[in-house]
file my_file12.cif (mmCIF, C-alpha atoms)
data_model
loop_
_atom_site.label_atom_id
_atom_site.label_comp_id
_atom_site.auth_asym_id
_atom_site.auth_seq_id
_atom_site.Cartn_x
_atom_site.Cartn_y
_atom_site.Cartn_z
CA MET A 273 114.03 23.48 94.16
CA SER A 274 112.28 26.74 93.51
CA LYS A 275 113.42 30.33 93.32
CA PHE A 276 109.96 31.45 94.40
CA PRO A 277 109.19 32.29 98.03
CA THR A 278 106.67 29.79 99.36
CA LEU A 279 103.52 30.40 101.37
CA SER A 280 101.98 27.74 103.58
CA ARG A 281 98.49 27.11 104.94
CA ALA A 282 99.53 28.94 108.12
CA ASP A 283 100.66 31.99 106.14
CA LEU A 284 97.31 32.14 104.32
CA ALA A 285 95.34 31.68 107.55
CA ARG A 286 97.35 34.42 109.27
CA THR A 287 96.81 36.94 106.46
CA VAL A 288 93.07 36.22 106.28
CA GLN A 289 92.83 36.43 110.07
CA ARG A 290 94.53 39.83 110.07
CA ARG A 291 91.99 41.13 107.53
CA VAL A 292 88.82 39.56 108.87
CA GLY A 293 89.49 39.12 112.59
CA HIS A 294 88.33 36.16 114.74
CA ALA A 295 90.55 33.71 116.59
CA ARG A 296 93.65 32.44 114.83
CA GLN A 297 92.51 28.89 115.43
CA THR A 298 89.10 29.58 113.84
CA MET A 299 90.70 30.98 110.70
CA SER A 300 93.11 28.11 110.43
CA THR A 301 90.17 25.67 110.62
CA LEU A 302 88.27 27.71 108.04
CA VAL A 303 91.17 27.53 105.56
CA ASP A 304 91.30 23.74 106.08
CA ASP A 305 87.54 23.51 105.57
CA VAL A 306 87.70 25.39 102.27
CA LEU A 307 90.40 23.04 100.97
CA GLN A 308 88.49 20.02 102.28
CA GLU A 309 85.29 21.10 100.51
CA ILE A 310 87.18 21.53 97.24
CA ALA A 311 88.85 18.13 97.66
CA ASP A 312 85.56 16.39 98.53
CA GLU A 313 83.81 17.86 95.51
CA LEU A 314 86.63 16.72 93.21
CA VAL A 315 86.78 13.23 94.75
CA SER A 316 83.03 12.86 94.14
CA GLY A 317 83.68 13.74 90.51
CA GLY A 318 82.42 17.32 90.52
CA GLU A 319 83.90 20.45 89.09
CA VAL A 320 84.95 23.43 91.23
CA LYS A 321 84.70 26.92 89.77
CA ILE A 322 86.19 29.78 91.71
CA SER A 323 85.52 32.92 89.72
CA SER A 324 88.51 35.20 89.10
CA PHE A 325 90.83 32.49 90.46
CA ALA A 326 90.57 29.13 88.71
CA ASN A 327 88.52 26.07 87.80
CA PHE A 328 89.37 22.56 88.96
CA LYS A 329 88.10 19.54 87.08
CA VAL A 330 88.66 15.80 87.39
CA ARG A 331 89.89 13.94 84.34
CA GLN A 332 90.03 10.23 83.78
CA LYS A 333 93.39 9.24 82.28
CA ALA A 334 93.63 6.02 80.32
CA ALA A 335 96.35 3.45 80.90
CA ARG A 336 99.40 3.95 78.69
CA VAL A 337 102.84 2.57 78.20
CA GLY A 338 105.62 4.64 79.69
CA ARG A 339 109.32 4.10 80.03
CA ASN A 340 111.55 4.18 83.06
CA PRO A 341 113.89 6.99 82.05
CA LYS A 342 116.77 5.45 83.98
CA THR A 343 116.64 1.88 82.74
CA GLY A 344 114.70 2.33 79.49
CA GLU A 345 112.37 -0.41 80.67
CA GLU A 346 108.77 -0.24 79.47
CA VAL A 347 106.17 0.03 82.20
CA ILE A 348 102.40 0.23 82.08
CA ILE A 349 101.05 3.39 83.67
CA ALA A 350 97.75 2.46 85.29
CA PRO A 351 94.55 4.35 84.46
CA ARG A 352 94.01 7.10 87.01
CA ARG A 353 92.05 10.21 87.83
CA SER A 354 93.88 13.50 87.82
CA ILE A 355 92.95 17.12 88.35
CA SER A 356 93.01 19.64 85.58
CA PHE A 357 93.61 23.13 86.88
CA SER A 358 92.77 26.06 84.66
CA PRO A 359 93.41 29.54 85.95
CA SER A 360 90.87 32.23 85.07
CA ALA A 361 91.61 34.70 82.30
CA LYS A 362 92.21 37.37 84.93
CA MET A 363 94.70 35.15 86.80
CA ARG A 364 96.53 34.23 83.57
CA LYS A 365 96.83 37.87 82.67
CA ARG A 366 98.14 38.90 86.10
CA VAL A 367 100.75 36.13 86.11
CA ALA A 368 101.83 36.78 82.52
CA GLU A 369 102.49 40.40 83.46
CA ILE A 370 105.12 39.46 86.06
CA LEU A 371 107.82 39.17 83.40
CA ILE A 372 106.75 42.33 81.60
CA ARG A 373 106.96 44.19 84.91
CA SER A 374 110.42 42.88 85.72
CA GLU A 375 111.70 43.79 82.23
CA ASP A 376 110.52 47.36 82.65
CA GLN A 377 112.76 47.89 85.66
CA MET B 1159 80.54 23.78 92.81
CA THR B 1160 80.90 27.51 92.40
CA ARG B 1161 82.46 30.04 94.75
CA SER B 1162 79.06 30.86 96.28
CA GLU B 1163 78.13 27.19 96.76
CA LEU B 1164 81.48 26.63 98.45
CA ILE B 1165 80.84 29.59 100.75
CA ALA B 1166 77.40 28.20 101.65
CA ARG B 1167 78.98 24.88 102.67
CA VAL B 1168 81.65 26.55 104.79
CA ILE B 1169 79.01 28.71 106.51
CA LYS B 1170 77.30 25.51 107.71
CA LYS B 1171 80.56 24.33 109.25
CA HIS B 1172 81.09 27.59 111.16
CA PRO B 1173 78.00 28.40 113.22
CA GLU B 1174 80.22 30.44 115.57
CA MET B 1175 80.86 32.98 112.79
CA SER B 1176 78.38 35.21 111.01
CA ALA B 1177 77.61 34.23 107.40
CA GLN B 1178 78.93 37.62 106.41
CA ASP B 1179 82.32 37.02 108.06
CA VAL B 1180 82.66 33.54 106.52
CA THR B 1181 81.89 35.03 103.11
CA LYS B 1182 84.50 37.71 103.66
CA ALA B 1183 87.08 35.19 104.90
CA VAL B 1184 86.64 32.80 101.95
CA ASN B 1185 86.83 35.67 99.46
CA GLU B 1186 89.93 37.04 101.22
CA LEU B 1187 91.49 33.57 101.10
CA PHE B 1188 91.21 33.32 97.30
CA GLY B 1189 92.24 36.97 97.03
CA VAL B 1190 95.39 36.32 99.08
CA MET B 1191 96.19 33.24 96.98
CA ALA B 1192 95.69 35.12 93.71
CA ASP B 1193 97.83 38.05 94.94
CA ALA B 1194 100.55 35.64 96.08
CA LEU B 1195 100.77 33.97 92.67
CA ALA B 1196 100.56 37.29 90.83
CA SER B 1197 103.50 38.59 92.86
CA GLY B 1198 105.62 35.54 92.10
CA ASN B 1199 105.07 33.39 95.17
CA ARG B 1200 104.49 29.68 95.36
CA ILE B 1201 101.74 28.25 97.61
CA GLU B 1202 102.33 24.86 99.17
CA LEU B 1203 99.27 23.27 100.79
CA ARG B 1204 100.37 19.91 102.18
CA GLY B 1205 98.08 17.08 101.19
CA PHE B 1206 96.14 19.29 98.79
CA GLY B 1207 98.70 20.48 96.28
CA VAL B 1208 101.13 23.15 95.22
CA PHE B 1209 100.36 26.25 93.17
CA SER B 1210 103.43 27.54 91.42
CA LEU B 1211 104.58 29.48 88.39
CA ARG B 1212 106.30 28.03 85.37
CA LEU B 1213 108.16 29.94 82.71
CA ARG B 1214 106.98 29.58 79.13
CA ASN B 1215 109.74 30.44 76.72
CA ALA B 1216 109.09 32.87 73.90
CA SER B 1217 107.93 31.15 70.75
CA ASN B 1218 106.62 31.88 67.30
CA GLY B 1219 102.99 31.42 66.56
CA ARG B 1220 100.71 31.98 63.64
CA ASN B 1221 97.60 34.04 63.46
CA PRO B 1222 95.11 31.29 62.60
CA ILE B 1223 92.98 33.65 60.55
CA ASN B 1224 95.50 35.18 58.14
CA GLY B 1225 98.56 32.98 58.74
CA ASP B 1226 100.76 35.89 59.80
CA ARG B 1227 103.76 35.03 61.90
CA VAL B 1228 103.46 36.41 65.44
CA GLU B 1229 106.00 36.40 68.22
CA ILE B 1230 104.71 35.08 71.52
CA PRO B 1231 106.79 36.61 74.32
CA ALA B 1232 108.09 34.58 77.26
CA LYS B 1233 105.66 34.57 80.17
CA TYR B 1234 104.81 32.88 83.43
CA VAL B 1235 101.84 30.54 83.71
CA CYS B 1236 100.15 29.13 86.83
CA HIS B 1237 100.67 25.48 87.54
CA PHE B 1238 98.97 23.21 90.05
CA LYS B 1239 100.42 19.91 91.15
CA THR B 1240 98.02 17.69 93.06
CA GLY B 1241 99.24 16.70 96.52
CA THR B 1242 99.90 13.07 97.39
CA HIS B 1243 96.98 12.77 99.76
CA LEU B 1244 94.44 14.25 97.32
CA HIS B 1245 95.85 12.13 94.50
CA GLN B 1246 95.36 9.02 96.62
CA SER B 1247 91.80 10.01 97.54
CA LEU B 1248 90.99 10.50 93.87
CA ASN B 1249 92.36 7.10 93.00
CA ALA B 1250 91.20 5.05 95.97
CA GLN B 1251 89.67 1.74 94.95
CA PRO B 1252 85.89 1.90 95.35
CA LYS B 1253 84.80 -0.52 98.06
#
call {"tool": "encode", "arguments": {"input": "my_file12.cif", "output": "structure tokens"}}
result
Amino acid sequence: MSKFPTLSRADLARTVQRRVGHARQTMSTLVDDVLQEIADELVSGGEVKISSFANFKVRQKAARVGRNPKTGEEVIIAPRRSISFSPSAKMRKRVAEILIRSEDQ
Amino acid sequence: MTRSELIARVIKKHPEMSAQDVTKAVNELFGVMADALASGNRIELRGFGVFSLRLRNASNGRNPINGDRVEIPAKYVCHFKTGTHLHQSLNAQPK
């Protein structure tokens, strides 16, 4: 689906392990723990702020009427909680520069 | 929860590691993720979500102060899609 190379949990754990040391298993658990802590905080309704990376916030979405794009049938979309992700200014800037860099070449 | 509060919680879960090493590991983790996105990678964390880049086409905007027309160049923006498992946890019926 995507033209972007994809990294997994294992890739992240391996890179961190190479830089910090410790057993591979320990680092893989640590990566899971970080994600679990973020998830737990969001599920309990809190906000997660990771400076120079991004903020995660939970938003309550109201019920609304949608349409099945295939059949045109109207369906009610139930109220739900979703996550709003907002990258830090630094992150936005770094990502926006990808295109500028590739145009320079 | 801020980065430092998150680190404090992870330290408690890893008594086998020094607080200093946990701090370094968590900071490296976000550093690696930020570098990955900034170099055009996608990060897929099953159950948690996917961080990816989306292309914003160039558009015309207006300077809200003086109304001048400004061209906004095409650029990539970060996108996060919540994973199925996390989405379900967020929307579980309270017992």
call {"tool": "resolve_selection", "arguments": {"input": "my_file12.cif", "expression": "the PyMOL selection byres ((chain B) within 9 of (chain A))", "output": "number ranges by chain"}}
result
B: 1159-1162, 1164-1165, 1167-1168, 1171-1172, 1175, 1179-1180, 1182-1184, 1186-1204, 1206, 1210-1211, 1232-1240, 1244-1245, 1247-1249
call {"tool": "axis_aligned_box", "arguments": {"input": "my_file12.cif", "around": "region 341-347 of chain A", "padding_each_side": "8 Å", "output": "JSON"}}
result
{"center_x": 111.5, "center_y": 3.3, "center_z": 81.7, "size_x": 26.6, "size_y": 23.4, "size_z": 20.5}
call {"tool": "residues_around", "arguments": {"input": "my_file12.cif", "residues": "Pro1231 (chain B)", "least_positions_apart": "4", "cutoff": "8 Å", "atoms": "only C-alpha atoms", "output": "mmCIF file with C-alpha atoms, in the coordinates of the input"}}
result
data_model
loop_
_atom_site.group_PDB
_atom_site.id
_atom_site.type_symbol
_atom_site.label_atom_id
_atom_site.label_comp_id
_atom_site.auth_asym_id
_atom_site.auth_seq_id
_atom_site.Cartn_x
_atom_site.Cartn_y
_atom_site.Cartn_z
ATOM 1 C CA ASN B 1215 109.740 30.440 76.720
ATOM 2 C CA ALA B 1216 109.090 32.870 73.900
ATOM 3 C CA SER B 1217 107.930 31.150 70.750
#
call {"tool": "atom_distance", "arguments": {"input": "my_file12.cif", "atom1": "CA of His1243 (chain B)", "atom2": "CA of Val1208 (chain B)"}}
result
12.1 Å
call {"tool": "atom_distance", "arguments": {"input": "my_file12.cif", "atom1": "CA of Gly1205 (chain B)", "atom2": "CA of Gly1241 (chain B)"}}
result
4.8 Å
call {"tool": "build_atoms", "arguments": {"input": "my_file12.cif", "residues": "region 274-285 of chain A", "atoms": "all heavy atoms", "output": "mmCIF file, keeping the file's coordinate frame"}}
result
data_model
loop_
_atom_site.group_PDB
_atom_site.id
_atom_site.type_symbol
_atom_site.label_atom_id
_atom_site.label_comp_id
_atom_site.auth_asym_id
_atom_site.auth_seq_id
_atom_site.Cartn_x
_atom_site.Cartn_y
_atom_site.Cartn_z
ATOM 1 N N SER A 274 112.917 25.626 94.190
ATOM 2 C CA SER A 274 112.280 26.740 93.510
ATOM 3 C C SER A 274 112.867 28.064 93.946
ATOM 4 O O SER A 274 113.253 28.259 95.086
ATOM 5 C CB SER A 274 110.797 26.712 93.803
ATOM 6 O OG SER A 274 110.175 27.799 93.201
ATOM 7 N N LYS A 275 112.922 29.000 92.995
ATOM 8 C CA LYS A 275 113.420 30.330 93.320
ATOM 9 C C LYS A 275 112.299 31.214 93.853
ATOM 10 O O LYS A 275 112.498 32.379 94.143
ATOM 11 C CB LYS A 275 114.036 30.962 92.068
ATOM 12 C CG LYS A 275 113.030 31.058 90.937
ATOM 13 C CD LYS A 275 113.649 31.491 89.634
ATOM 14 C CE LYS A 275 112.682 31.221 88.503
ATOM 15 N NZ LYS A 275 112.821 32.037 87.346
ATOM 16 N N PHE A 276 111.094 30.663 93.934
ATOM 17 C CA PHE A 276 109.960 31.450 94.400
ATOM 18 C C PHE A 276 109.752 31.293 95.896
ATOM 19 O O PHE A 276 109.790 30.191 96.414
ATOM 20 C CB PHE A 276 108.680 31.034 93.683
ATOM 21 C CG PHE A 276 108.758 31.114 92.197
ATOM 22 C CD1 PHE A 276 108.809 29.970 91.427
ATOM 23 C CD2 PHE A 276 108.798 32.350 91.560
ATOM 24 C CE1 PHE A 276 108.889 30.045 90.036
ATOM 25 C CE2 PHE A 276 108.881 32.432 90.172
ATOM 26 C CZ PHE A 276 108.921 31.275 89.415
ATOM 27 N N PRO A 277 109.509 32.421 96.603
ATOM 28 C CA PRO A 277 109.190 32.290 98.030
ATOM 29 C C PRO A 277 107.889 31.497 98.172
ATOM 30 O O PRO A 277 107.001 31.606 97.329
ATOM 31 C CB PRO A 277 108.980 33.736 98.485
ATOM 32 C CG PRO A 277 109.205 34.611 97.323
ATOM 33 C CD PRO A 277 109.488 33.795 96.128
ATOM 34 N N THR A 278 107.821 30.678 99.204
ATOM 35 C CA THR A 278 106.670 29.790 99.360
ATOM 36 C C THR A 278 105.788 30.161 100.534
ATOM 37 O O THR A 278 106.285 30.450 101.617
ATOM 38 C CB THR A 278 107.171 28.340 99.525
ATOM 39 O OG1 THR A 278 107.895 27.987 98.356
ATOM 40 C CG2 THR A 278 106.020 27.377 99.701
ATOM 41 N N LEU A 279 104.485 30.168 100.301
ATOM 42 C CA LEU A 279 103.520 30.400 101.370
ATOM 43 C C LEU A 279 102.905 29.073 101.787
ATOM 44 O O LEU A 279 102.696 28.198 100.960
ATOM 45 C CB LEU A 279 102.401 31.338 100.898
ATOM 46 C CG LEU A 279 102.789 32.725 100.389
ATOM 47 C CD1 LEU A 279 101.540 33.526 100.083
ATOM 48 C CD2 LEU A 279 103.625 33.462 101.425
ATOM 49 N N SER A 280 102.599 28.961 103.059
ATOM 50 C CA SER A 280 101.980 27.740 103.580
ATOM 51 C C SER A 280 100.545 28.029 103.968
ATOM 52 O O SER A 280 100.085 29.172 103.919
ATOM 53 C CB SER A 280 102.753 27.271 104.798
ATOM 54 O OG SER A 280 102.598 28.242 105.818
ATOM 55 N N ARG A 281 99.836 26.968 104.379
ATOM 56 C CA ARG A 281 98.490 27.110 104.940
ATOM 57 C C ARG A 281 98.472 28.147 106.058
ATOM 58 O O ARG A 281 97.598 28.995 106.121
ATOM 59 C CB ARG A 281 98.116 25.793 105.607
ATOM 60 C CG ARG A 281 97.121 24.953 104.923
ATOM 61 C CD ARG A 281 96.791 23.823 105.893
ATOM 62 N NE ARG A 281 95.930 22.838 105.271
ATOM 63 C CZ ARG A 281 96.336 21.930 104.423
ATOM 64 N NH1 ARG A 281 97.617 21.855 104.087
ATOM 65 N NH2 ARG A 281 95.490 21.088 103.889
ATOM 66 N N ALA A 282 99.467 28.042 106.966
ATOM 67 C CA ALA A 282 99.530 28.940 108.120
ATOM 68 C C ALA A 282 99.679 30.397 107.681
ATOM 69 O O ALA A 282 99.054 31.288 108.263
ATOM 70 C CB ALA A 282 100.679 28.540 109.034
ATOM 71 N N ASP A 283 100.477 30.626 106.633
ATOM 72 C CA ASP A 283 100.660 31.990 106.140
ATOM 73 C C ASP A 283 99.335 32.551 105.618
ATOM 74 O O ASP A 283 98.986 33.710 105.874
ATOM 75 C CB ASP A 283 101.680 32.027 104.988
ATOM 76 C CG ASP A 283 103.072 31.631 105.440
ATOM 77 O OD1 ASP A 283 103.462 32.004 106.553
ATOM 78 O OD2 ASP A 283 103.765 30.929 104.680
ATOM 79 N N LEU A 284 98.605 31.705 104.867
ATOM 80 C CA LEU A 284 97.310 32.140 104.320
ATOM 81 C C LEU A 284 96.343 32.454 105.447
ATOM 82 O O LEU A 284 95.693 33.497 105.462
ATOM 83 C CB LEU A 284 96.719 31.061 103.409
ATOM 84 C CG LEU A 284 97.501 30.685 102.151
ATOM 85 C CD1 LEU A 284 96.777 29.585 101.401
ATOM 86 C CD2 LEU A 284 97.702 31.885 101.241
ATOM 87 N N ALA A 285 96.268 31.515 106.424
ATOM 88 C CA ALA A 285 95.340 31.680 107.550
ATOM 89 C C ALA A 285 95.661 32.965 108.317
ATOM 90 O O ALA A 285 94.757 33.720 108.688
ATOM 91 C CB ALA A 285 95.416 30.472 108.477
#
